[in-house]
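Colleague: Just dropping this structure here.
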Amino acid sequence: MSSAAIALTSPAPAKSPKKRAKSPRKKTGLTVSDLILKALSTSTQRGGVSLVALKKALKAGGYDVVKNNARILIAVKRLVTKKSLVQTKGSGASGSFKLNKKPPTPRKRKVVRKKKPKAKKVKRASVKKTAAAGATPAAKKSPKKRRKSKSPKKAKRPAAAKKPKKPKSPKKTKRRVSKTRSVAKK
């Protein structure tokens, strides 16, 4: 019984999980967009290749179309926006596509040269006046030290929109009954 009590009180030391060394993934083969461009360059159809035919060509080339369907659609859209592909029919990633015969030319950025600011002229007359006045380095005032704020600044809340005041309705005047009439009736 003492051996069972010892086994319960001293649990086995917990094993630390082994850390895997992260190895950078190396790209193997062509990218999806390169495969699409390659498949379209081999086609002979005048009206362009449909998305279904494009997927068949990629599958024949050994690419897993079912697993990477989203990547294909994104790559097709990206190639159309980059103007590497021309969309002949449809919209988005559906329809027919063909290669752009006129490759897009990259736009040249305008080089903006900044003008150098002109050097400010120092007035020597003012320098002579301070020296003539007898200003010494010891007489200069030391810069004031800034106090650090103890609490962080609170963000300002936008002022609540004021409700427009309702125009006051004129007070209704009560009719006064003269006492003389009530007395006269009695």
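Convention: chains lettered A, B, ... in structure tokens order; per-chain residue numbering from 1; ligands numbered from 1 as shown.
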Give me the residues near stretch 39-44 of chain A as a PyMOL selection string, where near means some atom within 10 Å (using only C-alpha atoms) and where sequence neighbours in that chain fewer than 2 positions away do not count.

Modeller: chain A and resi 33-37+46-50+53-58+61+85+97-99

Colleague: Could those selected residues go to a file with N, CA, C and O atoms, as an mmCIF file, in the first residue's frame?

Modeller:
```cif
data_model
loop_
_atom_site.group_PDB
_atom_site.id
_atom_site.type_symbol
_atom_site.label_atom_id
_atom_site.label_comp_id
_atom_site.auth_asym_id
_atom_site.auth_seq_id
_atom_site.Cartn_x
_atom_site.Cartn_y
_atom_site.Cartn_z
ATOM 1 N N SER A 33 -0.454 31.558 -61.920
ATOM 2 C CA SER A 33 -0.626 32.505 -63.026
ATOM 3 C C SER A 33 0.274 32.144 -64.206
ATOM 4 O O SER A 33 -0.126 32.300 -65.368
ATOM 5 N N ASP A 34 1.464 31.633 -63.930
ATOM 6 C CA ASP A 34 2.347 31.197 -65.019
ATOM 7 C C ASP A 34 1.759 29.995 -65.751
ATOM 8 O O ASP A 34 1.846 29.893 -66.982
ATOM 9 N N LEU A 35 1.157 29.076 -64.994
ATOM 10 C CA LEU A 35 0.525 27.907 -65.615
ATOM 11 C C LEU A 35 -0.651 28.326 -66.492
ATOM 12 O O LEU A 35 -0.863 27.769 -67.576
ATOM 13 N N ILE A 36 -1.418 29.319 -66.034
ATOM 14 C CA ILE A 36 -2.566 29.795 -66.807
ATOM 15 C C ILE A 36 -2.087 30.441 -68.106
ATOM 16 O O ILE A 36 -2.636 30.185 -69.192
ATOM 17 N N LEU A 37 -1.068 31.272 -68.009
ATOM 18 C CA LEU A 37 -0.536 31.931 -69.208
ATOM 19 C C LEU A 37 0.023 30.910 -70.198
ATOM 20 O O LEU A 37 -0.134 31.045 -71.412
ATOM 21 N N ARG A 46 -9.987 31.199 -81.430
ATOM 22 C CA ARG A 46 -10.016 32.632 -81.719
ATOM 23 C C ARG A 46 -10.745 33.423 -80.641
ATOM 24 O O ARG A 46 -10.337 34.506 -80.275
ATOM 25 N N GLY A 47 -11.846 32.876 -80.133
ATOM 26 C CA GLY A 47 -12.689 33.603 -79.175
ATOM 27 C C GLY A 47 -12.175 33.555 -77.758
ATOM 28 O O GLY A 47 -12.763 34.162 -76.866
ATOM 29 N N GLY A 48 -11.098 32.828 -77.525
ATOM 30 C CA GLY A 48 -10.568 32.711 -76.177
ATOM 31 C C GLY A 48 -10.925 31.378 -75.560
ATOM 32 O O GLY A 48 -11.738 30.617 -76.085
ATOM 33 N N VAL A 49 -10.314 31.075 -74.440
ATOM 34 C CA VAL A 49 -10.515 29.801 -73.755
ATOM 35 C C VAL A 49 -11.439 30.046 -72.575
ATOM 36 O O VAL A 49 -11.239 30.977 -71.795
ATOM 37 N N SER A 50 -12.461 29.170 -72.447
ATOM 38 C CA SER A 50 -13.371 29.309 -71.319
ATOM 39 C C SER A 50 -12.688 28.838 -70.042
ATOM 40 O O SER A 50 -11.650 28.169 -70.077
ATOM 41 N N ALA A 53 -12.457 25.028 -69.865
ATOM 42 C CA ALA A 53 -11.401 24.479 -70.720
ATOM 43 C C ALA A 53 -10.025 24.785 -70.132
ATOM 44 O O ALA A 53 -9.099 23.971 -70.234
ATOM 45 N N LEU A 54 -9.901 25.940 -69.490
ATOM 46 C CA LEU A 54 -8.645 26.315 -68.843
ATOM 47 C C LEU A 54 -8.329 25.355 -67.695
ATOM 48 O O LEU A 54 -7.190 24.896 -67.543
ATOM 49 N N LYS A 55 -9.358 25.016 -66.897
ATOM 50 C CA LYS A 55 -9.169 24.077 -65.790
ATOM 51 C C LYS A 55 -8.804 22.688 -66.311
ATOM 52 O O LYS A 55 -7.980 21.997 -65.701
ATOM 53 N N LYS A 56 -9.403 22.284 -67.441
ATOM 54 C CA LYS A 56 -9.064 20.977 -68.032
ATOM 55 C C LYS A 56 -7.612 20.954 -68.483
ATOM 56 O O LYS A 56 -6.914 19.947 -68.315
ATOM 57 N N ALA A 57 -7.147 22.048 -69.050
ATOM 58 C CA ALA A 57 -5.756 22.119 -69.507
ATOM 59 C C ALA A 57 -4.795 22.071 -68.319
ATOM 60 O O ALA A 57 -3.737 21.433 -68.392
ATOM 61 N N LEU A 58 -5.174 22.742 -67.221
ATOM 62 C CA LEU A 58 -4.327 22.711 -66.014
ATOM 63 C C LEU A 58 -4.294 21.311 -65.406
ATOM 64 O O LEU A 58 -3.258 20.843 -64.945
ATOM 65 N N GLY A 61 -2.070 19.094 -67.229
ATOM 66 C CA GLY A 61 -0.671 19.416 -66.930
ATOM 67 C C GLY A 61 -0.223 18.908 -65.572
ATOM 68 O O GLY A 61 0.930 19.086 -65.192
ATOM 69 N N LEU A 85 -4.226 39.225 -69.465
ATOM 70 C CA LEU A 85 -5.298 38.497 -70.140
ATOM 71 C C LEU A 85 -6.374 39.480 -70.564
ATOM 72 O O LEU A 85 -6.566 40.513 -69.921
ATOM 73 N N PHE A 97 -11.303 33.780 -71.924
ATOM 74 C CA PHE A 97 -10.108 34.610 -71.788
ATOM 75 C C PHE A 97 -9.134 34.289 -72.916
ATOM 76 O O PHE A 97 -9.069 33.161 -73.390
ATOM 77 N N LYS A 98 -8.366 35.306 -73.313
ATOM 78 C CA LYS A 98 -7.274 35.075 -74.236
ATOM 79 C C LYS A 98 -6.126 35.998 -73.863
ATOM 80 O O LYS A 98 -6.300 36.958 -73.116
ATOM 81 N N LEU A 99 -4.954 35.668 -74.389
ATOM 82 C CA LEU A 99 -3.777 36.466 -74.058
ATOM 83 C C LEU A 99 -3.881 37.848 -74.684
ATOM 84 O O LEU A 99 -4.416 38.006 -75.785
#
```

Colleague: In Å, with one decimal, what is the gap from atom CA of A:Leu73 to atom CA of A:Ala93?

Modeller: 5.6 Å
